[in-house]
Amino acid sequence: MQADNDSTGVTAPTVSHMSVMVRSNAIVVLALIAVVVFLHWAQAVLIPITFSVFLSYSLKPIVNWLERKTKLPKAVGAAATLAIILGAVGWGLNSLQPEALDVLDIVPRATEKFSIAIRGNPRAPAGAVEKMKKAATEIEKAANTATMTTTTTTTRTTPAPPLRPAPDISTFKVRDYVLMGSASLIAGMGQLVVVIALVYFLLVAGDSFRRTLIRISGDTLTKKKITVLILDEVDMQIQRYLLVQIVSSALLALLAWVAFAWIGLDNALFWACLGGMLHLIPYAGPTALVLATALVAYVQFDTLQPVAMVVGVTLALVGVIGFLLVPWLTQRIGRINAVIVFVALLFWGWLWGVWGLLLGVPIVMAIKAVCERVEDLRPISEFLGYEEKPVRAPSQGADASA
């Protein structure tokens, strides 16, 4: 009587069912690997497109406001918005140019100070570094003596092959590094032009892409509504995330400027602005800011107290704003688990480098917004999401006793 059903009436999985499940899971894994390989291979194209899309999301409210209030066409409003932003960035860079040139003087001073610290006082007794250098020299002499003895023994039995002139690698060719830097600069400028042009076209297009996606999303009204909800959610999440990043970066730069100027750090405004820009790169940017300010303070000051003050202030600002406030706000506005955010930054940073650190969190927000509205993908949204702990309702026993 009992062939395929158990006592509960549930059909037991057969061998064919298990093989189909294993095959489908293998196909899913291979598809994910193919997607990752494609994202890495096409990063030169995908990074400018993704960055342009996110910038257009952030600038779209300004263009819509200009069109609504001043009756300007989208083409004029988009051009005016980009011109104002680029002009403000150019003015800021030009204003910081003298301080940036002064920063270049830190390199020779840092080299000289580190050399003195390593060599130490010649009249002082030999320290640990000198002893290590002396031991390394003695080991090298012993190794050379053993090599020469082995070579002499070998030459008595077999003739040595003709010696070839060794390539001259001692010359430091600055021209090669200058050419490499110039090529990277030209490539970066080309990418910047592409991003600006693409952002302009996206702003001018307005809601045409949105209407196209809604039209091709499905034949039923329900599917069209789901597409509208997904697009609205992605729009809101990205705008909120960018707002948090801009406000927190400005706050960090302002507080750092005040603190550095009070301590007496040279070019305080430059380092504060640099800290605000580095803050846009999660985790890696604030860490680089701490190391840079520590190095600058060590080169400038002769005593340990101001160096410790600069490092302590930078660590406090970075810790409170970069490692506590921003992750908490990102978790709240995006409803994404903080662990998922950190893992996503690791993955996208490994895949796309610095650009992956910049774009990783908005990409995860967009993925979560899509998965929330699609029934089959809802478990992925629950895995990525962050849910607040529900308030425990009073038990019936407590009510009865009350």
# chains A, B, ... in the order shown; residues from 1 in each chain; ligands from 1
call {"tool": "select_by_dssp", "arguments": {"residues": "stretch 206-383 of chain A", "states": "alpha helix (DSSP H)", "output": "MDAnalysis selection string"}}
result
chainID A and resid 208:216 221:263 268:278 284:300 304:317 326:334 338:352 354:373 378:383
call {"tool": "write_last_selection", "arguments": {"atoms": "C-alpha atoms", "output": "short mmCIF file (atom, residue, chain, number, x, y, z; two decimals), in the first residue's frame"}}
result
data_model
loop_
_atom_site.label_atom_id
_atom_site.label_comp_id
_atom_site.auth_asym_id
_atom_site.auth_seq_id
_atom_site.Cartn_x
_atom_site.Cartn_y
_atom_site.Cartn_z
CA SER A 208 11.80 58.24 -21.26
CA PHE A 209 13.80 55.21 -20.08
CA ARG A 210 11.46 54.84 -17.14
CA ARG A 211 8.40 54.79 -19.39
CA THR A 212 10.11 52.33 -21.71
CA LEU A 213 10.90 49.94 -18.85
CA ILE A 214 7.33 50.17 -17.61
CA ARG A 215 5.97 49.50 -21.10
CA ILE A 216 8.10 46.41 -21.71
CA LEU A 221 -1.25 46.12 -14.97
CA THR A 222 0.12 44.31 -11.92
CA LYS A 223 3.55 43.83 -13.52
CA LYS A 224 3.66 47.46 -14.58
CA LYS A 225 2.84 48.57 -11.03
CA ILE A 226 5.61 46.35 -9.65
CA THR A 227 8.07 47.95 -12.09
CA VAL A 228 6.98 51.44 -10.99
CA LEU A 229 7.46 50.49 -7.33
CA ILE A 230 10.92 49.05 -8.03
CA LEU A 231 12.06 52.17 -9.91
CA ASP A 232 10.70 54.48 -7.19
CA GLU A 233 12.40 52.44 -4.47
CA VAL A 234 15.76 52.43 -6.28
CA ASP A 235 15.48 56.17 -6.89
CA MET A 236 14.72 56.92 -3.24
CA GLN A 237 17.40 54.60 -1.84
CA ILE A 238 20.18 55.98 -4.03
CA GLN A 239 19.25 59.61 -3.37
CA ARG A 240 19.17 59.03 0.39
CA TYR A 241 22.50 57.21 0.34
CA LEU A 242 24.19 59.97 -1.67
CA LEU A 243 22.71 62.60 0.65
CA VAL A 244 24.14 60.79 3.69
CA GLN A 245 27.56 60.54 2.05
CA ILE A 246 27.69 64.20 1.02
CA VAL A 247 26.48 65.54 4.39
CA SER A 248 28.81 63.30 6.40
CA SER A 249 31.79 64.18 4.19
CA ALA A 250 31.10 67.90 4.58
CA LEU A 251 30.74 67.49 8.36
CA LEU A 252 34.01 65.55 8.59
CA ALA A 253 35.86 68.14 6.49
CA LEU A 254 34.53 71.04 8.57
CA LEU A 255 35.38 69.48 11.93
CA ALA A 256 38.80 68.34 10.70
CA TRP A 257 39.60 71.84 9.41
CA VAL A 258 38.76 73.41 12.77
CA ALA A 259 40.73 70.79 14.71
CA PHE A 260 43.81 70.87 12.46
CA ALA A 261 43.91 74.67 12.46
CA TRP A 262 43.64 74.71 16.26
CA ILE A 263 46.51 72.23 16.62
CA ALA A 268 44.88 72.40 7.43
CA LEU A 269 42.24 73.26 4.82
CA PHE A 270 43.85 71.02 2.22
CA TRP A 271 44.01 68.02 4.54
CA ALA A 272 40.44 68.62 5.70
CA CYS A 273 39.13 68.71 2.10
CA LEU A 274 41.18 65.63 1.27
CA GLY A 275 39.64 63.89 4.28
CA GLY A 276 36.15 64.79 3.08
CA MET A 277 36.86 63.28 -0.35
CA LEU A 278 38.51 60.17 1.10
CA ALA A 284 39.66 52.42 3.08
CA GLY A 285 39.38 56.21 2.67
CA PRO A 286 39.25 57.07 6.40
CA THR A 287 42.12 54.67 7.07
CA ALA A 288 44.24 56.40 4.42
CA LEU A 289 43.38 59.78 5.98
CA VAL A 290 44.65 58.64 9.40
CA LEU A 291 47.93 57.42 7.92
CA ALA A 292 48.44 60.57 5.83
CA THR A 293 47.80 63.00 8.69
CA ALA A 294 50.03 60.96 11.01
CA LEU A 295 52.88 61.14 8.50
CA VAL A 296 52.42 64.88 7.93
CA ALA A 297 52.31 65.61 11.66
CA TYR A 298 55.43 63.51 12.26
CA VAL A 299 57.32 65.45 9.58
CA GLN A 300 56.14 68.88 10.74
CA LEU A 304 55.33 63.87 20.21
CA GLN A 305 52.41 65.77 21.78
CA PRO A 306 51.06 67.55 18.65
CA VAL A 307 51.54 64.38 16.59
CA ALA A 308 49.47 62.44 19.11
CA MET A 309 46.83 65.19 19.07
CA VAL A 310 46.53 65.12 15.27
CA VAL A 311 46.29 61.33 15.20
CA GLY A 312 43.83 61.27 18.09
CA VAL A 313 41.54 63.91 16.55
CA THR A 314 41.60 62.15 13.17
CA LEU A 315 40.86 58.79 14.75
CA ALA A 316 37.99 60.28 16.75
CA LEU A 317 36.40 61.95 13.72
CA VAL A 326 27.49 56.48 8.34
CA PRO A 327 27.13 52.67 8.65
CA TRP A 328 24.23 53.17 11.08
CA LEU A 329 22.48 55.62 8.74
CA THR A 330 23.12 53.35 5.76
CA GLN A 331 21.62 50.44 7.64
CA ARG A 332 18.57 52.51 8.56
CA ILE A 333 17.82 54.14 5.20
CA GLY A 334 18.59 51.07 3.10
CA ALA A 338 25.69 45.93 8.35
CA VAL A 339 27.48 42.61 7.82
CA ILE A 340 26.11 42.43 4.28
CA VAL A 341 27.32 45.98 3.64
CA PHE A 342 30.84 45.10 4.78
CA VAL A 343 30.92 41.88 2.75
CA ALA A 344 29.57 43.72 -0.30
CA LEU A 345 32.34 46.30 0.00
CA LEU A 346 34.94 43.54 0.17
CA PHE A 347 33.48 41.84 -2.91
CA TRP A 348 33.06 44.95 -5.07
CA GLY A 349 36.41 46.31 -3.93
CA TRP A 350 38.06 43.08 -5.03
CA LEU A 351 36.14 43.17 -8.32
CA TRP A 352 36.42 46.86 -9.30
CA VAL A 354 38.30 51.82 -5.58
CA TRP A 355 35.31 52.23 -7.87
CA GLY A 356 33.84 49.08 -6.37
CA LEU A 357 34.13 50.58 -2.89
CA LEU A 358 32.30 53.69 -4.12
CA LEU A 359 29.52 51.87 -5.98
CA GLY A 360 29.17 48.67 -3.95
CA VAL A 361 26.57 49.87 -1.45
CA PRO A 362 24.23 51.54 -4.02
CA ILE A 363 24.38 48.39 -6.15
CA VAL A 364 23.36 46.25 -3.18
CA MET A 365 20.53 48.69 -2.41
CA ALA A 366 19.27 48.43 -5.99
CA ILE A 367 19.46 44.62 -5.87
CA LYS A 368 17.51 44.54 -2.62
CA ALA A 369 14.85 46.90 -4.02
CA VAL A 370 14.33 44.57 -6.98
CA CYS A 371 14.24 41.42 -4.86
CA GLU A 372 11.66 42.93 -2.49
CA ARG A 373 9.11 43.28 -5.31
CA ARG A 378 12.09 37.69 -1.90
CA PRO A 379 14.29 35.29 0.14
CA ILE A 380 17.34 37.15 -1.19
CA SER A 381 15.83 40.42 0.00
CA GLU A 382 15.22 38.93 3.45
CA PHE A 383 18.82 37.71 3.55
#
call {"tool": "residues_around", "arguments": {"residues": "A:Pro61", "least_positions_apart": "2", "cutoff": "12 Å", "atoms": "only C-alpha atoms", "output": "PyMOL selection string"}}
result
chain A and resi 55-59+63-69+74+77-78+81+203+206+235-236+239
call {"tool": "atom_distance", "arguments": {"atom1": "atom CA of A:Asn267", "atom2": "atom CA of A:Gly87"}}
result
22.9 Å
call {"tool": "residues_around", "arguments": {"residues": "A:Ala75", "least_positions_apart": "3", "cutoff": "9 Å", "atoms": "only C-alpha atoms", "output": "count of residues only"}}
result
9
